[in-house]
file data20.txt (compact mmCIF, C-alpha atoms and all ligand atoms)
# COMPACT_ATOMS: atom_id res chain seq x y z
CA MET A 1241 -125.16 224.66 -54.58
CA ARG A 1242 -124.30 225.10 -58.26
CA GLU A 1243 -122.87 222.33 -60.43
CA PHE A 1244 -119.15 221.59 -60.27
CA GLY A 1245 -116.69 219.09 -61.73
CA TYR A 1246 -115.02 216.50 -59.53
CA LEU A 1247 -111.68 214.70 -60.04
CA ARG A 1248 -109.81 212.41 -57.68
CA PRO A 1249 -106.14 212.04 -58.67
CA THR A 1250 -103.79 209.64 -56.90
CA ASP A 1251 -100.53 211.41 -57.70
CA PRO A 1252 -99.57 214.83 -56.23
CA VAL A 1253 -97.98 216.01 -59.50
CA GLU A 1254 -101.20 215.17 -61.33
CA ALA A 1255 -103.25 217.01 -58.68
CA VAL A 1256 -101.18 220.16 -59.22
CA ARG A 1257 -101.48 219.82 -62.99
CA LEU A 1258 -105.27 219.61 -62.70
CA LEU A 1259 -105.48 222.76 -60.58
CA VAL A 1260 -102.95 224.96 -62.36
CA GLY A 1261 -104.58 227.29 -64.81
CA SER A 1262 -108.03 226.80 -63.24
CA PRO A 1263 -108.53 229.74 -60.87
CA GLU A 1264 -112.01 228.48 -60.09
CA ALA A 1265 -110.76 225.02 -59.02
CA ARG A 1266 -110.12 224.07 -55.39
CA TYR A 1267 -108.39 221.21 -53.64
CA LEU A 1268 -110.81 219.23 -51.48
CA ALA A 1269 -109.41 217.45 -48.39
CA GLY A 1270 -111.77 216.65 -45.47
CA GLY A 1271 -114.29 219.13 -46.86
CA THR A 1272 -115.35 220.32 -43.39
CA ASN A 1273 -114.71 223.97 -44.29
CA LEU A 1274 -114.83 224.07 -48.08
CA VAL A 1275 -118.14 222.20 -48.47
CA ASP A 1276 -119.77 224.35 -45.77
CA LEU A 1277 -118.68 227.47 -47.65
CA MET A 1278 -119.96 226.02 -50.94
CA LYS A 1279 -123.38 225.44 -49.34
CA LEU A 1280 -123.39 229.08 -48.24
CA GLY A 1281 -122.41 230.27 -51.73
CA VAL A 1282 -119.20 231.84 -50.41
CA GLU A 1283 -117.03 229.39 -52.36
CA ARG A 1284 -118.22 228.68 -55.91
CA PRO A 1285 -115.59 226.36 -57.47
CA ARG A 1286 -116.20 224.99 -60.94
CA LEU A 1287 -113.89 222.03 -60.23
CA LEU A 1288 -113.01 220.13 -57.06
CA VAL A 1289 -109.71 218.26 -57.10
CA ASP A 1290 -110.19 215.72 -54.31
CA VAL A 1291 -106.77 215.14 -52.74
CA SER A 1292 -107.93 212.51 -50.25
CA ARG A 1293 -106.42 209.62 -52.26
CA LEU A 1294 -102.94 211.18 -52.48
CA PRO A 1295 -100.21 209.37 -50.52
CA LEU A 1296 -99.85 212.17 -47.97
CA GLY A 1297 -101.38 210.54 -44.90
CA ASP A 1298 -98.36 209.52 -42.80
CA VAL A 1299 -96.35 210.96 -39.92
CA THR A 1300 -92.69 210.04 -40.40
CA PRO A 1301 -89.42 210.90 -38.60
CA THR A 1302 -87.15 213.40 -40.37
CA ASP A 1303 -83.38 212.92 -40.69
CA GLY A 1304 -82.85 215.78 -38.24
CA GLY A 1305 -84.90 214.18 -35.46
CA GLY A 1306 -88.19 215.97 -36.06
CA LEU A 1307 -91.44 214.81 -37.63
CA ARG A 1308 -92.90 215.22 -41.11
CA ILE A 1309 -96.69 215.39 -40.98
CA GLY A 1310 -98.39 214.51 -44.25
CA ALA A 1311 -100.94 217.06 -45.46
CA LEU A 1312 -103.74 214.50 -45.15
CA VAL A 1313 -103.03 213.34 -41.60
CA THR A 1314 -106.28 213.95 -39.74
CA ASN A 1315 -106.38 216.20 -36.71
CA ALA A 1316 -107.55 213.20 -34.62
CA ASP A 1317 -104.68 210.93 -35.71
CA LEU A 1318 -102.09 213.66 -35.22
CA ALA A 1319 -103.32 214.51 -31.72
CA ALA A 1320 -103.20 210.83 -30.76
CA ASP A 1321 -99.77 210.08 -32.28
CA PRO A 1322 -97.56 208.91 -29.37
CA ARG A 1323 -94.53 210.79 -30.77
CA VAL A 1324 -96.53 214.02 -30.90
CA ARG A 1325 -97.96 213.53 -27.42
CA ALA A 1326 -94.51 212.86 -25.96
CA ALA A 1327 -92.35 215.44 -27.76
CA TYR A 1328 -94.82 218.15 -28.83
CA PRO A 1329 -97.58 218.45 -26.21
CA VAL A 1330 -98.39 221.95 -27.50
CA LEU A 1331 -99.43 220.42 -30.81
CA SER A 1332 -101.53 217.65 -29.35
CA GLN A 1333 -103.24 220.05 -26.92
CA ALA A 1334 -104.00 222.58 -29.68
CA LEU A 1335 -105.58 219.92 -31.87
CA LEU A 1336 -107.72 218.55 -29.05
CA ALA A 1337 -108.88 222.10 -28.20
CA GLY A 1338 -110.35 222.46 -31.71
CA ALA A 1339 -113.73 221.48 -33.15
CA SER A 1340 -115.33 218.17 -32.09
CA GLY A 1341 -114.28 214.52 -32.22
CA GLN A 1342 -116.28 213.94 -35.41
CA LEU A 1343 -114.75 216.97 -37.15
CA ARG A 1344 -111.22 216.07 -36.05
CA ASN A 1345 -111.71 212.66 -37.66
CA ARG A 1346 -112.25 214.34 -41.06
CA ALA A 1347 -110.23 217.57 -40.80
CA THR A 1348 -106.72 217.39 -42.25
CA THR A 1349 -103.47 219.16 -41.42
CA ALA A 1350 -103.40 221.19 -44.66
CA GLY A 1351 -107.13 221.93 -44.63
CA ASN A 1352 -106.92 223.18 -41.07
CA LEU A 1353 -104.10 225.59 -41.94
CA LEU A 1354 -106.02 226.95 -44.95
CA GLN A 1355 -109.50 227.12 -43.40
CA ARG A 1356 -111.21 230.49 -43.87
CA THR A 1357 -112.24 233.06 -41.28
CA ARG A 1358 -115.42 232.67 -39.25
CA CYS A 1359 -116.35 236.37 -39.56
CA LEU A 1360 -120.17 236.42 -39.82
CA TYR A 1361 -120.19 238.89 -42.70
CA PHE A 1362 -117.72 236.80 -44.70
CA GLN A 1363 -120.09 233.84 -44.41
CA ASP A 1364 -123.19 235.85 -45.43
CA THR A 1365 -123.26 236.55 -49.17
CA ALA A 1366 -126.07 239.09 -48.67
CA LYS A 1367 -123.60 241.37 -46.84
CA PRO A 1368 -120.62 243.34 -48.17
CA CYS A 1369 -117.17 242.04 -47.22
CA ASN A 1370 -113.76 243.09 -48.54
CA LYS A 1371 -112.36 239.61 -48.09
CA ARG A 1372 -115.12 237.87 -50.05
CA SER A 1373 -115.80 240.66 -52.57
CA PRO A 1374 -112.83 243.06 -52.73
CA GLY A 1375 -113.76 246.74 -52.48
CA THR A 1376 -117.27 246.26 -51.04
CA GLY A 1377 -116.42 247.36 -47.50
CA CYS A 1378 -116.05 245.92 -44.01
CA PRO A 1379 -119.30 246.04 -42.01
CA ALA A 1380 -117.62 244.29 -39.09
CA ARG A 1381 -115.73 247.43 -38.03
CA GLU A 1382 -118.97 249.13 -36.98
CA GLY A 1383 -120.99 245.93 -36.59
CA VAL A 1384 -120.48 242.59 -34.86
CA HIS A 1385 -116.78 242.33 -34.04
CA ARG A 1386 -116.67 240.88 -30.54
CA ASP A 1387 -114.73 237.83 -31.85
CA LEU A 1388 -112.50 239.73 -34.26
CA ALA A 1389 -108.93 241.00 -34.33
CA VAL A 1390 -107.14 243.41 -32.02
CA LEU A 1391 -103.68 242.86 -33.57
CA GLY A 1392 -102.51 243.02 -37.19
CA ALA A 1393 -105.87 244.11 -38.62
CA SER A 1394 -106.40 246.89 -41.17
CA GLU A 1395 -109.08 249.41 -42.09
CA GLN A 1396 -110.15 246.92 -44.78
CA CYS A 1397 -110.46 243.77 -42.62
CA ILE A 1398 -110.40 242.77 -38.96
CA ALA A 1399 -110.98 239.02 -39.38
CA THR A 1400 -109.14 236.53 -37.17
CA HIS A 1401 -107.58 233.29 -38.33
CA PRO A 1402 -109.50 230.47 -36.67
CA SER A 1403 -106.94 227.62 -36.63
CA ASP A 1404 -105.65 226.31 -33.29
CA LEU A 1405 -103.20 223.99 -35.07
CA ALA A 1406 -101.56 226.93 -36.90
CA VAL A 1407 -100.82 228.66 -33.57
CA ALA A 1408 -99.02 225.60 -32.20
CA LEU A 1409 -97.11 225.00 -35.45
CA ALA A 1410 -95.97 228.65 -35.49
CA ALA A 1411 -94.53 228.22 -31.99
CA LEU A 1412 -92.72 225.06 -33.11
CA ASP A 1413 -91.07 226.85 -36.07
CA ALA A 1414 -92.66 224.30 -38.38
CA VAL A 1415 -92.13 224.50 -42.14
CA VAL A 1416 -94.79 223.93 -44.80
CA GLU A 1417 -93.72 221.74 -47.73
CA LEU A 1418 -95.34 222.72 -51.03
CA LEU A 1419 -95.56 221.28 -54.51
CA GLY A 1420 -96.26 223.65 -57.40
CA PRO A 1421 -96.02 223.56 -61.18
CA ASP A 1422 -92.34 224.50 -60.91
CA GLY A 1423 -91.57 221.83 -58.30
CA PRO A 1424 -91.30 221.70 -54.51
CA ARG A 1425 -90.46 224.54 -52.12
CA THR A 1426 -90.85 225.29 -48.41
CA LEU A 1427 -92.34 228.13 -46.39
CA PRO A 1428 -92.17 228.72 -42.61
CA VAL A 1429 -95.63 228.40 -41.05
CA THR A 1430 -95.13 231.92 -39.63
CA ASP A 1431 -94.98 233.20 -43.25
CA LEU A 1432 -97.88 231.12 -44.58
CA HIS A 1433 -100.67 233.59 -43.76
CA ARG A 1434 -100.72 237.27 -44.78
CA LEU A 1435 -101.89 240.26 -42.78
CA PRO A 1436 -104.82 241.92 -44.61
CA GLY A 1437 -103.46 245.41 -45.34
CA ASP A 1438 -105.44 246.69 -48.32
CA ARG A 1439 -105.70 243.21 -49.91
CA PRO A 1440 -107.65 241.12 -47.37
CA HIS A 1441 -108.75 238.64 -50.03
CA GLU A 1442 -105.11 237.46 -50.35
CA GLU A 1443 -104.93 235.32 -47.23
CA HIS A 1444 -101.82 233.21 -47.72
CA ARG A 1445 -98.57 233.07 -49.67
CA LEU A 1446 -99.23 229.94 -51.73
CA LEU A 1447 -98.68 230.43 -55.45
CA PRO A 1448 -101.51 229.51 -57.85
CA GLY A 1449 -102.04 225.75 -57.88
CA GLU A 1450 -99.61 224.98 -55.06
CA LEU A 1451 -100.45 221.94 -52.99
CA ILE A 1452 -99.41 221.54 -49.35
CA THR A 1453 -97.78 218.11 -49.19
CA ALA A 1454 -96.54 218.09 -45.58
CA VAL A 1455 -95.58 220.13 -42.55
CA ALA A 1456 -92.14 219.47 -41.04
CA VAL A 1457 -91.63 220.05 -37.33
CA PRO A 1458 -88.04 220.39 -36.08
CA PRO A 1459 -86.85 218.32 -33.11
CA PRO A 1460 -87.88 219.72 -29.73
CA VAL A 1461 -85.44 222.30 -28.30
CA PRO A 1462 -83.63 220.59 -25.38
CA GLU A 1463 -84.94 221.29 -21.88
CA THR A 1464 -88.12 222.99 -23.13
CA LEU A 1465 -91.65 222.39 -21.94
CA SER A 1466 -94.63 223.31 -24.09
CA ALA A 1467 -98.38 223.86 -23.72
CA TYR A 1468 -101.46 225.31 -25.45
CA ARG A 1469 -104.30 227.15 -23.72
CA LYS A 1470 -107.54 228.40 -25.27
CA VAL A 1471 -110.39 230.56 -23.99
CA ARG A 1472 -113.75 230.22 -25.77
CA ASP A 1473 -117.42 230.81 -25.13
CA ARG A 1474 -118.11 227.13 -24.42
CA ALA A 1475 -115.93 224.36 -23.01
CA SER A 1476 -115.80 222.62 -26.40
CA TYR A 1477 -116.83 222.96 -30.02
CA ALA A 1478 -116.03 226.69 -30.21
CA PHE A 1479 -113.34 228.82 -31.79
CA ALA A 1480 -110.77 230.71 -29.71
CA LEU A 1481 -111.55 234.13 -28.32
CA ALA A 1482 -107.90 234.07 -27.33
CA SER A 1483 -105.32 231.32 -27.18
CA ALA A 1484 -101.62 230.94 -26.45
CA ALA A 1485 -98.95 228.43 -27.41
CA GLY A 1486 -95.78 228.54 -25.33
CA ILE A 1487 -92.46 226.69 -25.48
CA LEU A 1488 -90.17 227.61 -22.57
CA ALA A 1489 -86.80 226.60 -21.14
CA VAL A 1490 -85.47 227.98 -17.85
CA ARG A 1491 -82.00 227.53 -16.36
CA ALA A 1492 -80.90 228.94 -12.99
CA GLY A 1493 -84.12 230.92 -12.79
CA ARG A 1494 -83.68 232.66 -16.13
CA VAL A 1495 -85.36 232.14 -19.48
CA THR A 1496 -83.03 230.45 -21.97
CA HIS A 1497 -85.56 229.71 -24.73
CA LEU A 1498 -89.03 231.03 -25.49
CA ALA A 1499 -91.49 230.75 -28.34
CA LEU A 1500 -94.83 232.44 -27.67
CA VAL A 1501 -97.69 232.64 -30.16
CA LEU A 1502 -101.11 234.19 -29.59
CA GLY A 1503 -104.24 232.93 -31.35
CA GLY A 1504 -107.74 234.36 -31.81
CA LEU A 1505 -106.35 237.91 -31.76
CA ALA A 1506 -105.09 238.52 -35.30
CA PRO A 1507 -105.56 237.55 -38.96
CA LYS A 1508 -102.71 235.06 -38.54
CA PRO A 1509 -101.01 233.27 -35.65
CA TRP A 1510 -99.36 236.15 -33.78
CA ARG A 1511 -95.76 235.28 -32.99
CA ALA A 1512 -94.94 237.43 -29.95
CA ARG A 1513 -91.41 238.38 -31.04
CA ALA A 1514 -91.23 241.49 -28.83
CA ALA A 1515 -92.11 239.45 -25.73
CA GLU A 1516 -89.69 236.69 -26.71
CA GLN A 1517 -86.78 239.11 -27.18
CA ARG A 1518 -87.50 240.81 -23.86
CA LEU A 1519 -87.61 237.56 -21.95
CA ILE A 1520 -84.49 235.76 -23.14
CA GLY A 1521 -82.06 236.03 -20.18
CA ALA A 1522 -84.70 237.62 -17.93
CA PRO A 1523 -85.92 236.14 -14.65
CA ALA A 1524 -88.56 233.49 -15.24
CA ASP A 1525 -91.12 235.06 -12.93
CA GLU A 1526 -94.58 236.56 -13.16
CA ALA A 1527 -93.34 240.18 -13.16
CA SER A 1528 -91.07 239.57 -16.18
CA PHE A 1529 -93.70 237.57 -18.02
CA THR A 1530 -96.33 240.27 -17.44
CA ALA A 1531 -94.08 243.13 -18.57
CA ALA A 1532 -93.08 241.24 -21.72
CA VAL A 1533 -96.61 240.21 -22.70
CA GLU A 1534 -97.89 243.73 -22.03
CA ALA A 1535 -95.12 245.12 -24.26
CA GLU A 1536 -96.28 242.76 -27.01
CA LEU A 1537 -99.92 243.73 -26.59
CA ALA A 1538 -99.10 247.45 -26.71
CA ALA A 1539 -99.62 247.06 -30.47
CA ALA A 1540 -103.27 246.09 -29.93
CA ARG A 1541 -105.90 248.38 -31.51
CA PRO A 1542 -109.21 247.11 -30.15
CA LEU A 1543 -112.61 248.30 -31.34
CA ARG A 1544 -115.84 249.00 -29.45
CA ASP A 1545 -116.65 245.40 -28.41
CA ASN A 1546 -113.41 243.43 -28.44
CA ALA A 1547 -111.16 245.32 -26.00
CA TYR A 1548 -111.72 242.54 -23.47
CA LYS A 1549 -109.40 240.37 -25.58
CA VAL A 1550 -106.33 242.37 -24.52
CA PRO A 1551 -106.43 241.61 -20.77
CA LEU A 1552 -107.79 238.13 -21.57
CA ALA A 1553 -104.78 237.33 -23.76
CA ARG A 1554 -102.36 238.91 -21.28
CA ASN A 1555 -103.66 236.82 -18.39
CA LEU A 1556 -103.79 233.68 -20.51
CA ALA A 1557 -100.21 234.03 -21.77
CA VAL A 1558 -98.75 235.04 -18.39
CA ARG A 1559 -100.47 232.13 -16.61
CA LEU A 1560 -99.27 229.73 -19.30
CA LEU A 1561 -95.67 230.91 -18.90
CA CYS A 1562 -95.84 230.84 -15.08
CA ASP A 1563 -97.19 227.28 -15.17
CA LEU A 1564 -94.51 226.12 -17.61
CA ALA A 1565 -91.78 227.73 -15.47
CA ALA A 1566 -93.14 226.09 -12.31
CA LYS A 1567 -93.35 222.74 -14.03
CA GLY A 1568 -89.76 223.12 -15.25
CA GLN A 1569 -88.50 223.85 -11.74
CA ALA A 1570 -90.32 220.83 -10.37
CA ARG A 1571 -88.58 218.45 -12.81
C1 LIG B 1601 -118.52 223.46 -36.16
C2 LIG B 1601 -117.05 223.60 -36.42
C3 LIG B 1601 -116.21 223.92 -35.37
C4 LIG B 1601 -114.84 224.05 -35.60
N1 LIG B 1601 -114.01 224.39 -34.56
C5 LIG B 1601 -112.69 224.57 -34.79
C6 LIG B 1601 -111.79 224.97 -33.77
O1 LIG B 1601 -112.19 225.18 -32.61
N2 LIG B 1601 -110.48 225.12 -34.07
C7 LIG B 1601 -109.99 224.90 -35.33
O2 LIG B 1601 -108.79 225.05 -35.55
N3 LIG B 1601 -110.81 224.54 -36.32
C8 LIG B 1601 -112.13 224.36 -36.08
N4 LIG B 1601 -112.97 224.02 -37.10
C9 LIG B 1601 -112.44 224.01 -38.46
C10 LIG B 1601 -111.98 222.66 -38.91
O3 LIG B 1601 -110.87 222.31 -38.13
C11 LIG B 1601 -111.61 222.86 -40.37
O4 LIG B 1601 -112.83 222.90 -41.09
C12 LIG B 1601 -110.76 221.75 -40.90
O5 LIG B 1601 -109.53 221.70 -40.22
C13 LIG B 1601 -110.49 221.93 -42.38
O6 LIG B 1601 -109.82 220.78 -42.84
P1 LIG B 1601 -110.39 219.96 -44.08
O7 LIG B 1601 -109.41 218.88 -44.34
O8 LIG B 1601 -111.81 219.54 -43.84
O9 LIG B 1601 -110.30 221.09 -45.18
P2 LIG B 1601 -111.21 221.38 -46.47
O10 LIG B 1601 -112.51 221.92 -46.03
O11 LIG B 1601 -111.20 220.21 -47.38
O12 LIG B 1601 -110.31 222.52 -47.14
C14 LIG B 1601 -110.11 223.76 -46.51
C15 LIG B 1601 -109.26 224.64 -47.45
O13 LIG B 1601 -107.95 224.10 -47.57
C16 LIG B 1601 -107.63 223.88 -48.95
N5 LIG B 1601 -106.78 222.67 -48.95
C17 LIG B 1601 -107.04 221.49 -48.37
N6 LIG B 1601 -106.01 220.67 -48.49
C18 LIG B 1601 -105.05 221.33 -49.20
C19 LIG B 1601 -103.73 221.01 -49.64
N7 LIG B 1601 -103.17 219.82 -49.36
N8 LIG B 1601 -103.03 221.96 -50.29
C20 LIG B 1601 -103.57 223.17 -50.57
N9 LIG B 1601 -104.83 223.52 -50.19
C21 LIG B 1601 -105.55 222.61 -49.51
C22 LIG B 1601 -108.97 223.69 -49.62
O14 LIG B 1601 -108.89 224.01 -51.01
C23 LIG B 1601 -109.82 224.69 -48.87
O15 LIG B 1601 -109.62 225.99 -49.38
C24 LIG B 1601 -114.34 223.84 -36.91
C25 LIG B 1601 -115.19 223.50 -37.96
C26 LIG B 1601 -116.53 223.39 -37.73
C27 LIG B 1601 -117.42 223.03 -38.88
S1 LIG B 1602 -113.64 241.66 -41.03
FE1 LIG B 1602 -112.84 240.95 -43.01
S2 LIG B 1602 -114.04 239.11 -43.34
FE2 LIG B 1602 -115.18 240.31 -41.84
S3 LIG B 1602 -116.56 241.71 -42.98
FE3 LIG B 1602 -114.70 242.81 -42.69
S4 LIG B 1602 -113.58 242.39 -44.59
FE4 LIG B 1602 -115.10 240.79 -44.41
call {"tool": "encode", "arguments": {"input": "data20.txt", "output": "structure tokens"}}
result
Amino acid sequence: MREFGYLRPTDPVEAVRLLVGSPEARYLAGGTNLVDLMKLGVERPRLLVDVSRLPLGDVTPTDGGGLRIGALVTNADLAADPRVRAAYPVLSQALLAGASGQLRNRATTAGNLLQRTRCLYFQDTAKPCNKRSPGTGCPAREGVHRDLAVLGASEQCIATHPSDLAVALAALDAVVELLGPDGPRTLPVTDLHRLPGDRPHEEHRLLPGELITAVAVPPPVPETLSAYRKVRDRASYAFALASAAGILAVRAGRVTHLALVLGGLAPKPWRARAAEQRLIGAPADEASFTAAVEAELAAARPLRDNAYKVPLARNLAVRLLCDLAAKGQAR
């Protein structure tokens, strides 16, 4: 690891001031992703601005009846929060499906959203990679891509976004609160990450120096049930091959509300808008769910070794929706 500067501000405005104008500076939160990438030589910051002492570690109710999650709330504390467990099971389940207990104790809300891809070539500085070194190529297309994207990828990059939390927050229509040199602003979680196109190194829509201060989750939609499911190579401590976050309401046998987001399939949480539009007002049964999810997955462009993700994601999402519908009827 090469030498770097280290500062630990206690005021968010000061943290932003320290980072602005230093393209080679990075915010450091739990460090569980950034420090790993520094050890690998993928990240080479000249300055770390440690945000862990900023007053951003609380979960508080919002005026509208939702929750504001401070950027530094750990994944473990958020999953265990009784308000989250009661009103947003999809969020709690997604967090508990990620990493390990030790990692969840360090990993923060903002750091989890901005963690980098797990593509093997991205993590190996001896290999070319358009995301790490723009214009060098994408060996994953012809190489090892079993874990990589079937939706939203480009010729330049087929990396997936690894966060489970981001998938749940996208289903909840959560909003990221940011502080930049020009003041605060907000961004829907669904707009936080970019698809790669021909600029895969631009992964998110934060402006230079912007700090995530919180994520605001709106109040639960009445009568909805929610859940998160994840398929991975091992029962724990593994990233998603495919995952699904669903929030469903059914009245008189028909779907009245649906948010469906697929994870592990795309460079960002994949909000299944086509499936959602098809299902509103439709019968809440397996045939409708299957047709809608298949319509969504018609956009999939799998490669040699990752085509299995398409039926895997279909079955996962359909089973999730069937189970939520059955649970709703049993209430
Ligand atoms: C073995 C292993 C298994 C894992 N399994 C999973 C899994 O199954 N699912 C999953 O979702 N994750 C998994 N993770 C990833 C883990 O959840 C992330 O490393 C963690 O959430 C990152 O949070 P952090 O606070 O440590 O971020 P850091 O490593 O400190 O930072 C990550 C990035 O976010 C930026 N950042 C941090 N805070 C802010 C802020 N407030 N504003 C702006 N930028 C900021 C940093 O500059 C950096 O670029 C795993 C990690 C490991 C090592
Ligand atoms: S998929 Fe993206 S991250 Fe992986 S090698 Fe290709 S350009 Fe790099």
call {"tool": "axis_aligned_box", "arguments": {"input": "data20.txt", "around": "ligand LIG 1602 (chain B)", "padding_each_side": "4 Å", "output": "lines of an AutoDock Vina configuration file"}}
result
center_x = -114.7
center_y = 241.0
center_z = -42.8
size_x = 11.7
size_y = 11.7
size_z = 11.6
call {"tool": "atom_distance", "arguments": {"input": "data20.txt", "atom1": "atom FE1 of ligand LIG 1602 (chain B)", "atom2": "atom CA of Lys1371 of chain A"}}
result
5.3 Å
call {"tool": "closest_residue", "arguments": {"input": "data20.txt", "among": "A:Thr1314, A:Thr1302, A:Thr1400, A:Gln1569", "to": "Thr1349 of chain A", "atoms": "all atoms listed in the file"}}
result
A:Thr1314
call {"tool": "residues_near_ligand", "arguments": {"input": "data20.txt", "ligand": "ligand LIG 1602 (chain B)", "cutoff": "7 Å", "atoms": "all atoms listed in the file", "output": "mmCIF file with C-alpha atoms, in the frame of the given file"}}
result
data_model
loop_
_atom_site.group_PDB
_atom_site.id
_atom_site.type_symbol
_atom_site.label_atom_id
_atom_site.label_comp_id
_atom_site.auth_asym_id
_atom_site.auth_seq_id
_atom_site.Cartn_x
_atom_site.Cartn_y
_atom_site.Cartn_z
ATOM 1 C CA THR A 1357 -112.240 233.060 -41.280
ATOM 2 C CA CYS A 1359 -116.350 236.370 -39.560
ATOM 3 C CA LEU A 1360 -120.170 236.420 -39.820
ATOM 4 C CA TYR A 1361 -120.190 238.890 -42.700
ATOM 5 C CA PHE A 1362 -117.720 236.800 -44.700
ATOM 6 C CA PRO A 1368 -120.620 243.340 -48.170
ATOM 7 C CA CYS A 1369 -117.170 242.040 -47.220
ATOM 8 C CA ASN A 1370 -113.760 243.090 -48.540
ATOM 9 C CA LYS A 1371 -112.360 239.610 -48.090
ATOM 10 C CA ARG A 1372 -115.120 237.870 -50.050
ATOM 11 C CA GLY A 1377 -116.420 247.360 -47.500
ATOM 12 C CA CYS A 1378 -116.050 245.920 -44.010
ATOM 13 C CA PRO A 1379 -119.300 246.040 -42.010
ATOM 14 C CA ALA A 1380 -117.620 244.290 -39.090
ATOM 15 C CA ARG A 1381 -115.730 247.430 -38.030
ATOM 16 C CA GLN A 1396 -110.150 246.920 -44.780
ATOM 17 C CA CYS A 1397 -110.460 243.770 -42.620
ATOM 18 C CA ILE A 1398 -110.400 242.770 -38.960
ATOM 19 C CA ALA A 1399 -110.980 239.020 -39.380
ATOM 20 C CA PRO A 1440 -107.650 241.120 -47.370
#
call {"tool": "atom_distance", "arguments": {"input": "data20.txt", "atom1": "atom CA of His1385 of chain A", "atom2": "atom CA of Pro1542 of chain A"}}
result
9.8 Å
call {"tool": "residues_near_ligand", "arguments": {"input": "data20.txt", "ligand": "ligand LIG 1601 (chain B)", "cutoff": "8 Å", "atoms": "all atoms listed in the file", "output": "PyMOL selection string"}}
result
chain A and resi 1266-1276+1291+1311-1312+1314-1315+1334-1335+1337-1340+1343-1344+1346-1356+1402-1406+1418+1449-1454+1476-1480
call {"tool": "closest_residue", "arguments": {"input": "data20.txt", "among": "A:Ala1512, A:Val1324, A:Val1558, A:Ala1566", "to": "Arg1491 of chain A", "atoms": "all atoms listed in the file"}}
result
A:Ala1566
call {"tool": "residues_around", "arguments": {"input": "data20.txt", "residues": "Ala1532 of chain A", "least_positions_apart": "6", "cutoff": "12 Å", "atoms": "all atoms listed in the file", "output": "list of chain:residue names"}}
result
A:Leu1498, A:Leu1500, A:Ala1512, A:Arg1513, A:Ala1514, A:Ala1515, A:Glu1516, A:Gln1517, A:Arg1518, A:Leu1519, A:Ile1520, A:Ala1522, A:Pro1523, A:Ala1524, A:Asp1525, A:Glu1526, A:Ala1538, A:Arg1554, A:Asn1555, A:Ala1557, A:Val1558, A:Leu1561
call {"tool": "atom_distance", "arguments": {"input": "data20.txt", "atom1": "atom CA of Gly1493 of chain A", "atom2": "atom CA of Glu1536 of chain A"}}
result
22.1 Å
call {"tool": "closest_residue", "arguments": {"input": "data20.txt", "among": "A:Pro1448, A:Gly1375, A:Pro1421, A:Gly1437", "to": "Pro1263 of chain A", "atoms": "all atoms listed in the file"}}
result
A:Pro1448
call {"tool": "closest_residue", "arguments": {"input": "data20.txt", "among": "A:Leu1287, A:Leu1560, A:Val1457, A:Asp1422", "to": "Val1253 of chain A", "atoms": "all atoms listed in the file"}}
result
A:Asp1422
call {"tool": "decode", "arguments": {"input": "data20.txt", "residues": "segment 1259-1266 of chain A", "atoms": "N, CA, C and O atoms", "output": "PDB file, in the first residue's frame"}}
result
ATOM      1  N   LEU A1259     -12.631  17.251   0.989  1.00  0.00           N
ATOM      2  CA  LEU A1259     -12.587  16.375  -0.200  1.00  0.00           C
ATOM      3  C   LEU A1259     -12.649  17.148  -1.508  1.00  0.00           C
ATOM      4  O   LEU A1259     -12.054  16.744  -2.511  1.00  0.00           O
ATOM      5  N   VAL A1260     -13.396  18.258  -1.498  1.00  0.00           N
ATOM      6  CA  VAL A1260     -13.588  19.011  -2.744  1.00  0.00           C
ATOM      7  C   VAL A1260     -12.226  19.494  -3.264  1.00  0.00           C
ATOM      8  O   VAL A1260     -11.380  19.956  -2.527  1.00  0.00           O
ATOM      9  N   GLY A1261     -12.063  19.313  -4.542  1.00  0.00           N
ATOM     10  CA  GLY A1261     -10.820  19.777  -5.150  1.00  0.00           C
ATOM     11  C   GLY A1261      -9.683  18.779  -4.994  1.00  0.00           C
ATOM     12  O   GLY A1261      -8.569  19.040  -5.417  1.00  0.00           O
ATOM     13  N   SER A1262      -9.957  17.625  -4.380  1.00  0.00           N
ATOM     14  CA  SER A1262      -8.926  16.584  -4.252  1.00  0.00           C
ATOM     15  C   SER A1262      -9.443  15.309  -4.914  1.00  0.00           C
ATOM     16  O   SER A1262      -9.965  14.425  -4.238  1.00  0.00           O
ATOM     17  N   PRO A1263      -9.303  15.197  -6.241  1.00  0.00           N
ATOM     18  CA  PRO A1263      -9.857  14.027  -6.918  1.00  0.00           C
ATOM     19  C   PRO A1263      -9.264  12.716  -6.428  1.00  0.00           C
ATOM     20  O   PRO A1263      -9.860  11.665  -6.573  1.00  0.00           O
ATOM     21  N   GLU A1264      -8.107  12.781  -5.815  1.00  0.00           N
ATOM     22  CA  GLU A1264      -7.487  11.549  -5.322  1.00  0.00           C
ATOM     23  C   GLU A1264      -7.762  11.324  -3.834  1.00  0.00           C
ATOM     24  O   GLU A1264      -7.090  10.524  -3.190  1.00  0.00           O
ATOM     25  N   ALA A1265      -8.756  12.050  -3.279  1.00  0.00           N
ATOM     26  CA  ALA A1265      -9.162  11.813  -1.891  1.00  0.00           C
ATOM     27  C   ALA A1265     -10.416  10.946  -1.875  1.00  0.00           C
ATOM     28  O   ALA A1265     -11.187  10.939  -2.837  1.00  0.00           O
ATOM     29  N   ARG A1266     -10.604  10.192  -0.815  1.00  0.00           N
ATOM     30  CA  ARG A1266     -11.794   9.350  -0.664  1.00  0.00           C
ATOM     31  C   ARG A1266     -12.325   9.475   0.756  1.00  0.00           C
ATOM     32  O   ARG A1266     -11.555   9.576   1.716  1.00  0.00           O
TER      33      ARG A1266
END
